[in-house]
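Undergrad: Handing over upload_10.pdb, PDB, C-alpha atoms, pLDDT in the B column.
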```pdb
MODEL        1
ATOM      1  CA  MET D   1     -90.474-205.910  67.977  1.00 57.00           C
ATOM      2  CA  LYS D   2     -90.053-204.310  71.367  1.00 77.00           C
ATOM      3  CA  ILE D   3     -91.392-200.814  71.766  1.00 73.00           C
ATOM      4  CA  GLU D   4     -88.083-199.733  73.264  1.00 77.00           C
ATOM      5  CA  LYS D   5     -86.394-200.326  69.914  1.00 88.00           C
ATOM      6  CA  ILE D   6     -88.881-198.192  67.988  1.00 94.00           C
ATOM      7  CA  ARG D   7     -89.217-195.565  70.726  1.00 95.00           C
ATOM      8  CA  PRO D   8     -86.776-193.134  69.037  1.00 96.00           C
ATOM      9  CA  TRP D   9     -88.846-193.301  65.833  1.00 97.00           C
ATOM     10  CA  LEU D  10     -92.083-192.756  67.737  1.00 97.00           C
ATOM     11  CA  VAL D  11     -90.581-189.708  69.433  1.00 98.00           C
ATOM     12  CA  LYS D  12     -89.382-188.370  66.071  1.00 98.00           C
ATOM     13  CA  TRP D  13     -92.871-188.933  64.690  1.00 98.00           C
ATOM     14  CA  MET D  14     -94.328-186.875  67.537  1.00 98.00           C
ATOM     15  CA  TYR D  15     -91.821-184.080  66.867  1.00 98.00           C
ATOM     16  CA  ALA D  16     -92.922-184.194  63.207  1.00 98.00           C
ATOM     17  CA  VAL D  17     -96.557-183.887  64.332  1.00 97.00           C
ATOM     18  CA  VAL D  18     -95.572-180.884  66.447  1.00 98.00           C
ATOM     19  CA  ALA D  19     -93.711-179.320  63.518  1.00 98.00           C
ATOM     20  CA  ALA D  20     -96.705-179.897  61.214  1.00 97.00           C
ATOM     21  CA  HIS D  21     -99.009-178.170  63.712  1.00 96.00           C
ATOM     22  CA  LEU D  22     -96.594-175.255  63.999  1.00 98.00           C
ATOM     23  CA  LEU D  23     -96.303-174.912  60.225  1.00 98.00           C
ATOM     24  CA  VAL D  24    -100.075-175.095  59.703  1.00 96.00           C
ATOM     25  CA  GLY D  25    -100.584-172.564  62.471  1.00 96.00           C
ATOM     26  CA  ILE D  26     -98.119-170.165  60.873  1.00 97.00           C
ATOM     27  CA  LEU D  27     -99.576-170.607  57.383  1.00 97.00           C
ATOM     28  CA  LEU D  28    -103.310-170.456  58.165  1.00 96.00           C
ATOM     29  CA  PRO D  29    -103.534-166.656  58.483  1.00 96.00           C
ATOM     30  CA  TRP D  30    -101.702-166.254  55.184  1.00 96.00           C
ATOM     31  CA  ILE D  31    -103.480-168.892  53.099  1.00 96.00           C
ATOM     32  CA  ALA D  32    -107.050-168.902  54.455  1.00 95.00           C
ATOM     33  CA  GLY D  33    -108.351-166.646  51.684  1.00 93.00           C
ATOM     34  CA  LEU D  34    -106.565-168.273  48.725  1.00 95.00           C
ATOM     35  CA  ALA D  35    -108.645-169.508  45.781  1.00 94.00           C
ATOM     36  CA  PHE D  36    -107.262-172.997  46.462  1.00 94.00           C
ATOM     37  CA  PHE D  37    -109.700-173.191  49.412  1.00 92.00           C
ATOM     38  CA  ASP D  38    -112.786-171.990  47.510  1.00 92.00           C
ATOM     39  CA  ALA D  39    -114.385-175.459  47.485  1.00 91.00           C
ATOM     40  CA  TYR D  40    -113.778-175.794  51.237  1.00 90.00           C
ATOM     41  CA  HIS D  41    -115.256-172.369  51.929  1.00 90.00           C
ATOM     42  CA  HIS D  42    -118.216-173.132  49.689  1.00 90.00           C
ATOM     43  CA  SER D  43    -118.958-176.360  51.588  1.00 88.00           C
ATOM     44  CA  ILE D  44    -118.979-174.489  54.900  1.00 88.00           C
ATOM     45  CA  GLU D  45    -121.089-171.664  53.473  1.00 88.00           C
ATOM     46  CA  THR D  46    -123.594-174.179  52.116  1.00 87.00           C
ATOM     47  CA  ALA D  47    -123.831-175.888  55.514  1.00 85.00           C
ATOM     48  CA  PHE D  48    -124.786-172.613  57.204  1.00 86.00           C
ATOM     49  CA  TRP D  49    -126.410-170.504  54.494  1.00 86.00           C
ATOM     50  CA  GLY D  50    -127.614-172.908  51.852  1.00 84.00           C
ATOM     51  CA  SER D  51    -127.028-171.715  48.320  1.00 83.00           C
ATOM     52  CA  ALA D  52    -127.553-168.027  49.186  1.00 86.00           C
ATOM     53  CA  ALA D  53    -124.477-167.231  51.273  1.00 88.00           C
ATOM     54  CA  PRO D  54    -123.794-163.505  51.549  1.00 91.00           C
ATOM     55  CA  ALA D  55    -120.335-162.208  50.593  1.00 85.00           C
ATOM     56  CA  ALA D  56    -119.697-161.318  54.217  1.00 91.00           C
ATOM     57  CA  ALA D  57    -119.955-165.011  55.123  1.00 90.00           C
ATOM     58  CA  ARG D  58    -116.744-165.739  53.201  1.00 91.00           C
ATOM     59  CA  ALA D  59    -114.927-162.800  54.797  1.00 92.00           C
ATOM     60  CA  GLN D  60    -115.979-163.932  58.270  1.00 92.00           C
ATOM     61  CA  GLN D  61    -114.949-167.503  57.551  1.00 91.00           C
ATOM     62  CA  VAL D  62    -111.493-166.405  56.354  1.00 94.00           C
ATOM     63  CA  TRP D  63    -111.167-164.269  59.483  1.00 94.00           C
ATOM     64  CA  TRP D  64    -112.061-167.201  61.773  1.00 93.00           C
ATOM     65  CA  ILE D  65    -109.611-169.516  60.025  1.00 94.00           C
ATOM     66  CA  SER D  66    -106.902-166.857  60.187  1.00 95.00           C
ATOM     67  CA  LEU D  67    -107.601-166.417  63.883  1.00 95.00           C
ATOM     68  CA  PHE D  68    -107.370-170.176  64.380  1.00 94.00           C
ATOM     69  CA  GLY D  69    -103.774-170.147  63.089  1.00 96.00           C
ATOM     70  CA  PRO D  70    -102.233-168.618  66.222  1.00 96.00           C
ATOM     71  CA  THR D  71    -104.286-171.041  68.331  1.00 95.00           C
ATOM     72  CA  VAL D  72    -102.743-173.973  66.472  1.00 95.00           C
ATOM     73  CA  GLN D  73     -99.298-172.370  66.888  1.00 96.00           C
ATOM     74  CA  GLY D  74     -99.798-172.140  70.650  1.00 96.00           C
ATOM     75  CA  LEU D  75    -101.041-175.725  70.762  1.00 95.00           C
ATOM     76  CA  SER D  76     -97.938-176.872  68.888  1.00 97.00           C
ATOM     77  CA  LEU D  77     -95.683-175.217  71.467  1.00 97.00           C
ATOM     78  CA  TRP D  78     -97.444-177.012  74.326  1.00 97.00           C
ATOM     79  CA  MET D  79     -97.326-180.281  72.393  1.00 97.00           C
ATOM     80  CA  GLY D  80     -93.628-179.680  71.758  1.00 98.00           C
ATOM     81  CA  ALA D  81     -92.939-179.066  75.437  1.00 98.00           C
ATOM     82  CA  LEU D  82     -94.780-182.228  76.496  1.00 98.00           C
ATOM     83  CA  THR D  83     -93.028-184.235  73.770  1.00 98.00           C
ATOM     84  CA  TYR D  84     -89.654-182.919  74.941  1.00 98.00           C
ATOM     85  CA  ILE D  85     -90.454-183.764  78.581  1.00 98.00           C
ATOM     86  CA  GLY D  86     -91.819-187.178  77.609  1.00 97.00           C
ATOM     87  CA  ASP D  87     -88.706-187.932  75.590  1.00 97.00           C
ATOM     88  CA  ARG D  88     -86.021-186.615  77.925  1.00 97.00           C
ATOM     89  CA  GLN D  89     -87.570-187.802  81.188  1.00 95.00           C
ATOM     90  CA  ARG D  90     -89.246-190.881  79.726  1.00 95.00           C
ATOM     91  CA  SER D  91     -92.380-189.500  81.295  1.00 95.00           C
ATOM     92  CA  ALA D  92     -95.549-191.520  80.849  1.00 96.00           C
ATOM     93  CA  PHE D  93     -97.262-188.554  82.503  1.00 96.00           C
ATOM     94  CA  ALA D  94     -96.367-186.258  79.565  1.00 97.00           C
ATOM     95  CA  TRP D  95     -97.488-188.822  76.963  1.00 98.00           C
ATOM     96  CA  GLY D  96    -100.676-189.377  78.948  1.00 97.00           C
ATOM     97  CA  TRP D  97    -101.557-185.686  78.912  1.00 97.00           C
ATOM     98  CA  LEU D  98    -100.982-185.528  75.169  1.00 98.00           C
ATOM     99  CA  MET D  99    -103.333-188.504  74.760  1.00 97.00           C
ATOM    100  CA  ILE D 100    -105.932-186.899  77.005  1.00 97.00           C
ATOM    101  CA  GLY D 101    -105.703-183.683  75.010  1.00 96.00           C
ATOM    102  CA  VAL D 102    -106.421-185.519  71.762  1.00 95.00           C
ATOM    103  CA  ALA D 103    -109.139-187.648  73.385  1.00 94.00           C
ATOM    104  CA  VAL D 104    -110.908-184.566  74.785  1.00 95.00           C
ATOM    105  CA  TRP D 105    -110.549-182.401  71.668  1.00 94.00           C
ATOM    106  CA  ALA D 106    -111.340-184.781  68.797  1.00 94.00           C
ATOM    107  CA  PRO D 107    -114.791-186.127  69.786  1.00 95.00           C
ATOM    108  CA  GLN D 108    -116.028-182.631  70.610  1.00 96.00           C
ATOM    109  CA  ASP D 109    -114.659-181.222  67.375  1.00 94.00           C
ATOM    110  CA  MET D 110    -116.231-184.084  65.437  1.00 95.00           C
ATOM    111  CA  LEU D 111    -119.612-183.613  67.102  1.00 96.00           C
ATOM    112  CA  ILE D 112    -119.623-179.870  66.417  1.00 95.00           C
ATOM    113  CA  SER D 113    -118.556-180.542  62.820  1.00 92.00           C
ATOM    114  CA  LEU D 114    -121.266-183.175  62.354  1.00 93.00           C
ATOM    115  CA  HIS D 115    -123.911-180.745  63.648  1.00 92.00           C
ATOM    116  CA  ALA D 116    -122.767-178.314  60.946  1.00 89.00           C
ATOM    117  CA  ASP D 117    -122.557-181.107  58.334  1.00 87.00           C
ATOM    118  CA  ALA D 118    -118.866-180.214  57.887  1.00 88.00           C
ATOM    119  CA  TRP D 119    -117.557-183.667  57.002  1.00 89.00           C
ATOM    120  CA  ILE D 120    -114.144-182.404  55.926  1.00 88.00           C
ATOM    121  CA  HIS D 121    -113.469-181.521  59.561  1.00 90.00           C
ATOM    122  CA  VAL D 122    -114.544-184.973  60.736  1.00 94.00           C
ATOM    123  CA  TRP D 123    -112.106-186.590  58.299  1.00 94.00           C
ATOM    124  CA  ILE D 124    -109.299-184.249  59.376  1.00 93.00           C
ATOM    125  CA  ASP D 125    -110.008-185.112  63.021  1.00 94.00           C
ATOM    126  CA  CYS D 126    -109.978-188.845  62.242  1.00 95.00           C
ATOM    127  CA  PHE D 127    -106.651-188.427  60.452  1.00 95.00           C
ATOM    128  CA  ALA D 128    -105.234-186.492  63.418  1.00 93.00           C
ATOM    129  CA  GLU D 129    -106.372-189.138  65.884  1.00 95.00           C
ATOM    130  CA  LEU D 130    -104.981-191.986  63.804  1.00 96.00           C
ATOM    131  CA  THR D 131    -101.604-190.295  63.416  1.00 96.00           C
ATOM    132  CA  MET D 132    -101.224-189.215  67.041  1.00 97.00           C
ATOM    133  CA  LEU D 133    -102.929-191.695  69.367  1.00 97.00           C
ATOM    134  CA  PRO D 134    -101.176-194.973  68.404  1.00 97.00           C
ATOM    135  CA  PRO D 135     -97.639-193.559  68.865  1.00 97.00           C
ATOM    136  CA  LEU D 136     -98.691-191.841  72.091  1.00 98.00           C
ATOM    137  CA  VAL D 137    -100.197-195.046  73.475  1.00 97.00           C
ATOM    138  CA  CYS D 138     -96.997-196.962  72.634  1.00 95.00           C
ATOM    139  CA  LEU D 139     -94.816-194.287  74.248  1.00 97.00           C
ATOM    140  CA  TRP D 140     -97.048-194.140  77.325  1.00 96.00           C
ATOM    141  CA  LEU D 141     -97.040-197.923  77.763  1.00 95.00           C
ATOM    142  CA  ASN D 142     -93.284-198.166  77.264  1.00 93.00           C
ATOM    143  CA  ASP D 143     -92.354-195.367  79.647  1.00 94.00           C
ATOM    144  CA  ARG D 144     -94.950-196.416  82.231  1.00 92.00           C
ATOM    145  CA  LYS D 145     -93.589-199.974  82.200  1.00 87.00           C
ATOM    146  CA  ARG D 146     -90.064-198.653  82.657  1.00 82.00           C
ATOM    147  CA  ALA D 147     -91.130-196.387  85.547  1.00 70.00           C
ATOM    148  CA  VAL D 148     -92.867-199.305  87.294  1.00 74.00           C
ATOM    149  CA  GLN D 149     -89.742-201.461  86.886  1.00 75.00           C
ATOM    150  CA  GLU D 150     -87.521-198.705  88.302  1.00 70.00           C
ATOM    151  CA  TYR D 151     -89.924-198.236  91.222  1.00 62.00           C
ATOM    152  CA  GLU D 152     -89.953-201.977  91.978  1.00 67.00           C
ATOM    153  CA  GLU D 153     -86.159-202.140  91.818  1.00 67.00           C
ATOM    154  CA  GLY D 154     -85.968-199.191  94.193  1.00 70.00           C
ATOM    155  CA  MET D 155     -88.331-200.913  96.594  1.00 66.00           C
ATOM    156  CA  GLU D 156     -86.196-204.062  96.522  1.00 69.00           C
ATOM    157  CA  ILE D 157     -83.066-202.062  97.316  1.00 70.00           C
ATOM    158  CA  ALA D 158     -84.847-200.185 100.104  1.00 68.00           C
ATOM    159  CA  SER D 159     -85.998-203.442 101.706  1.00 68.00           C
ATOM    160  CA  LEU D 160     -82.438-204.784 101.971  1.00 65.00           C
TER     161      LEU D 160
ENDMDL
END
```
Take the structure I supplied and represent it as structure tokens, if you would.

TA:
Amino acid sequence: MKIEKIRPWLVKWMYAVVAAHLLVGILLPWIAGLAFFDAYHHSIETAFWGSAAPAAARAQQVWWISLFGPTVQGLSLWMGALTYIGDRQRSAFAWGWLMIGVAVWAPQDMLISLHADAWIHVWIDCFAELTMLPPLVCLWLNDRKRAVQEYEEGMEIASL
């Protein structure tokens, strides 16, 4: 199947990824302290404090996660803008920068998480990479190929 035929679905997928980031970013400050996340918080506390984590450790962790929410919201807006530009202008440049962003962020985040023995973060990062990079690579290849073809056609016309 040609990428051009599935391009609209890949673009929709990227908009869904953007929407998911926006939703998570909005919700994080409100849900970070819920009992639902007790096991997660405990795993982080154990990584840093062992079994004797002070009560303030949980409060600080909830604060950091809450603070991370607006960061994810901002990221989603930038991702949304690049997705819009990539879609409307068929810009391999926009898809490329989204790929670079994921490729720069994920390995660093994984390494930091591994140093803290926070495996849940490594798995989340792997999931994010697997859901974002393949569609971005397909979109980049498709739009780059199209741009090269248009450039070559323009050169042929100019040489006449």

Undergrad: One decimal, in Å: what's the spacing between atom CA of Leu10 of chain D and atom CA of Pro135 of chain D?

TA: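 Computed distance, atom CA of Leu10 of chain D to atom CA of Pro135 of chain D, equals 5.7 Å.
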
Undergrad: Applying 12 Å and only C-alpha atoms, which residues near Ile120 of chain D remain after dropping the ones on its own chain fewer than 6 positions away? List them as a ChimeraX atom specification.

TA: /D:39-44,47,109-110,113-114,126-127

Undergrad: Tell me, as a PyMOL selection string, which residues lie within 12 Å of segment 59-73 of chain D, counting all atoms listed in the file; anything in the same chain fewer than 6 positions away does not count.

TA: chain D and resi 17-35+37-38+40-45+48+53+79-80

Undergrad: Give the answer as one residue: which of D:Leu98, D:Ile112, D:Ala147, D:Leu139 has the shortest atom-to-atom distance to Lys12 of chain D, using all atoms listed in the file?

TA: D:Leu139

Undergrad: Measuring between all atoms listed in the file, which one of D:Val11, D:Ala55, D:Ala81, D:Trp119 shows the shortest distance to Trp97 of chain D?

TA: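 Comparing D:Val11, D:Ala55, D:Ala81, D:Trp119 against Trp97 of chain D, the winner is D:Ala81.
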
Undergrad: For segment 41-79 of chain D of the structure just presented, write N, CA and C atoms to a file, as a CSV table (one decimal), in the first residue's frame.

TA:
```
chain,number,residue,atom,x,y,z
D,41,HIS,N,3.6,6.1,43.0
D,41,HIS,CA,4.4,7.0,43.9
D,41,HIS,C,5.3,6.1,44.8
D,42,HIS,N,4.8,5.0,45.3
D,42,HIS,CA,5.5,4.2,46.2
D,42,HIS,C,6.8,3.7,45.4
D,43,SER,N,6.7,3.3,44.2
D,43,SER,CA,7.8,2.8,43.4
D,43,SER,C,8.9,3.9,43.3
D,44,ILE,N,8.5,5.1,43.0
D,44,ILE,CA,9.4,6.2,42.9
D,44,ILE,C,10.1,6.5,44.3
D,45,GLU,N,9.2,6.5,45.3
D,45,GLU,CA,9.8,6.7,46.7
D,45,GLU,C,10.8,5.7,47.1
D,46,THR,N,10.5,4.4,46.7
D,46,THR,CA,11.4,3.3,47.1
D,46,THR,C,12.7,3.5,46.3
D,47,ALA,N,12.7,4.0,45.1
D,47,ALA,CA,13.9,4.2,44.3
D,47,ALA,C,14.8,5.2,44.9
D,48,PHE,N,14.2,6.2,45.5
D,48,PHE,CA,15.0,7.3,46.1
D,48,PHE,C,15.3,7.2,47.6
D,49,TRP,N,14.3,6.6,48.3
D,49,TRP,CA,14.4,6.7,49.8
D,49,TRP,C,14.4,5.3,50.4
D,50,GLY,N,14.3,4.2,49.6
D,50,GLY,CA,14.2,2.9,50.2
D,50,GLY,C,12.9,2.7,50.8
D,51,SER,N,12.8,2.0,51.9
D,51,SER,CA,11.5,1.7,52.5
D,51,SER,C,11.1,2.8,53.5
D,52,ALA,N,12.0,3.8,53.8
D,52,ALA,CA,11.8,4.8,54.8
D,52,ALA,C,11.5,6.2,54.2
D,53,ALA,N,10.6,6.3,53.2
D,53,ALA,CA,10.4,7.6,52.6
D,53,ALA,C,9.6,8.5,53.5
D,54,PRO,N,10.1,9.7,53.7
D,54,PRO,CA,9.3,10.6,54.6
D,54,PRO,C,8.0,11.1,53.9
D,55,ALA,N,7.1,11.6,54.6
D,55,ALA,CA,5.8,12.0,54.1
D,55,ALA,C,6.0,13.1,53.1
D,56,ALA,N,7.0,14.0,53.4
D,56,ALA,CA,7.2,15.1,52.5
D,56,ALA,C,7.7,14.6,51.1
D,57,ALA,N,8.2,13.4,51.0
D,57,ALA,CA,8.6,12.9,49.7
D,57,ALA,C,7.4,12.8,48.7
D,58,ARG,N,6.3,12.3,49.3
D,58,ARG,CA,5.1,12.1,48.5
D,58,ARG,C,4.6,13.5,48.0
D,59,ALA,N,4.5,14.4,48.9
D,59,ALA,CA,4.1,15.8,48.6
D,59,ALA,C,4.9,16.4,47.5
D,60,GLN,N,6.2,16.3,47.6
D,60,GLN,CA,7.1,16.8,46.6
D,60,GLN,C,6.9,16.1,45.3
D,61,GLN,N,6.7,14.8,45.3
D,61,GLN,CA,6.5,14.1,44.1
D,61,GLN,C,5.2,14.5,43.4
D,62,VAL,N,4.2,14.7,44.1
D,62,VAL,CA,2.9,15.2,43.6
D,62,VAL,C,3.0,16.6,43.0
D,63,TRP,N,3.8,17.4,43.7
D,63,TRP,CA,4.0,18.8,43.2
D,63,TRP,C,4.8,18.7,41.9
D,64,TRP,N,5.8,17.9,41.8
D,64,TRP,CA,6.6,17.8,40.5
D,64,TRP,C,5.7,17.3,39.4
D,65,ILE,N,4.9,16.3,39.6
D,65,ILE,CA,4.1,15.8,38.6
D,65,ILE,C,3.0,16.8,38.2
D,66,SER,N,2.5,17.5,39.1
D,66,SER,CA,1.5,18.6,38.8
D,66,SER,C,2.2,19.7,38.0
D,67,LEU,N,3.4,20.0,38.3
D,67,LEU,CA,4.2,21.0,37.6
D,67,LEU,C,4.5,20.5,36.2
D,68,PHE,N,4.6,19.2,36.0
D,68,PHE,CA,4.9,18.7,34.7
D,68,PHE,C,3.7,18.8,33.7
D,69,GLY,N,2.5,18.8,34.3
D,69,GLY,CA,1.3,18.9,33.5
D,69,GLY,C,1.3,20.1,32.5
D,70,PRO,N,1.6,21.3,33.0
D,70,PRO,CA,1.6,22.4,32.0
D,70,PRO,C,2.8,22.3,31.0
D,71,THR,N,3.9,21.6,31.4
D,71,THR,CA,4.9,21.4,30.4
D,71,THR,C,4.4,20.5,29.3
D,72,VAL,N,3.7,19.5,29.6
D,72,VAL,CA,3.2,18.6,28.6
D,72,VAL,C,2.1,19.3,27.8
D,73,GLN,N,1.3,20.2,28.4
D,73,GLN,CA,0.4,21.0,27.6
D,73,GLN,C,1.1,21.9,26.6
D,74,GLY,N,2.1,22.5,27.0
D,74,GLY,CA,2.9,23.4,26.1
D,74,GLY,C,3.5,22.5,25.0
D,75,LEU,N,4.1,21.4,25.3
D,75,LEU,CA,4.6,20.5,24.3
D,75,LEU,C,3.5,20.1,23.3
D,76,SER,N,2.3,19.8,23.8
D,76,SER,CA,1.3,19.4,22.8
D,76,SER,C,0.9,20.5,21.9
D,77,LEU,N,1.0,21.7,22.3
D,77,LEU,CA,0.7,22.9,21.4
D,77,LEU,C,1.7,23.0,20.3
D,78,TRP,N,3.0,22.8,20.7
D,78,TRP,CA,4.0,22.8,19.7
D,78,TRP,C,3.9,21.6,18.7
D,79,MET,N,3.6,20.5,19.3
D,79,MET,CA,3.4,19.3,18.4
D,79,MET,C,2.2,19.5,17.5
```
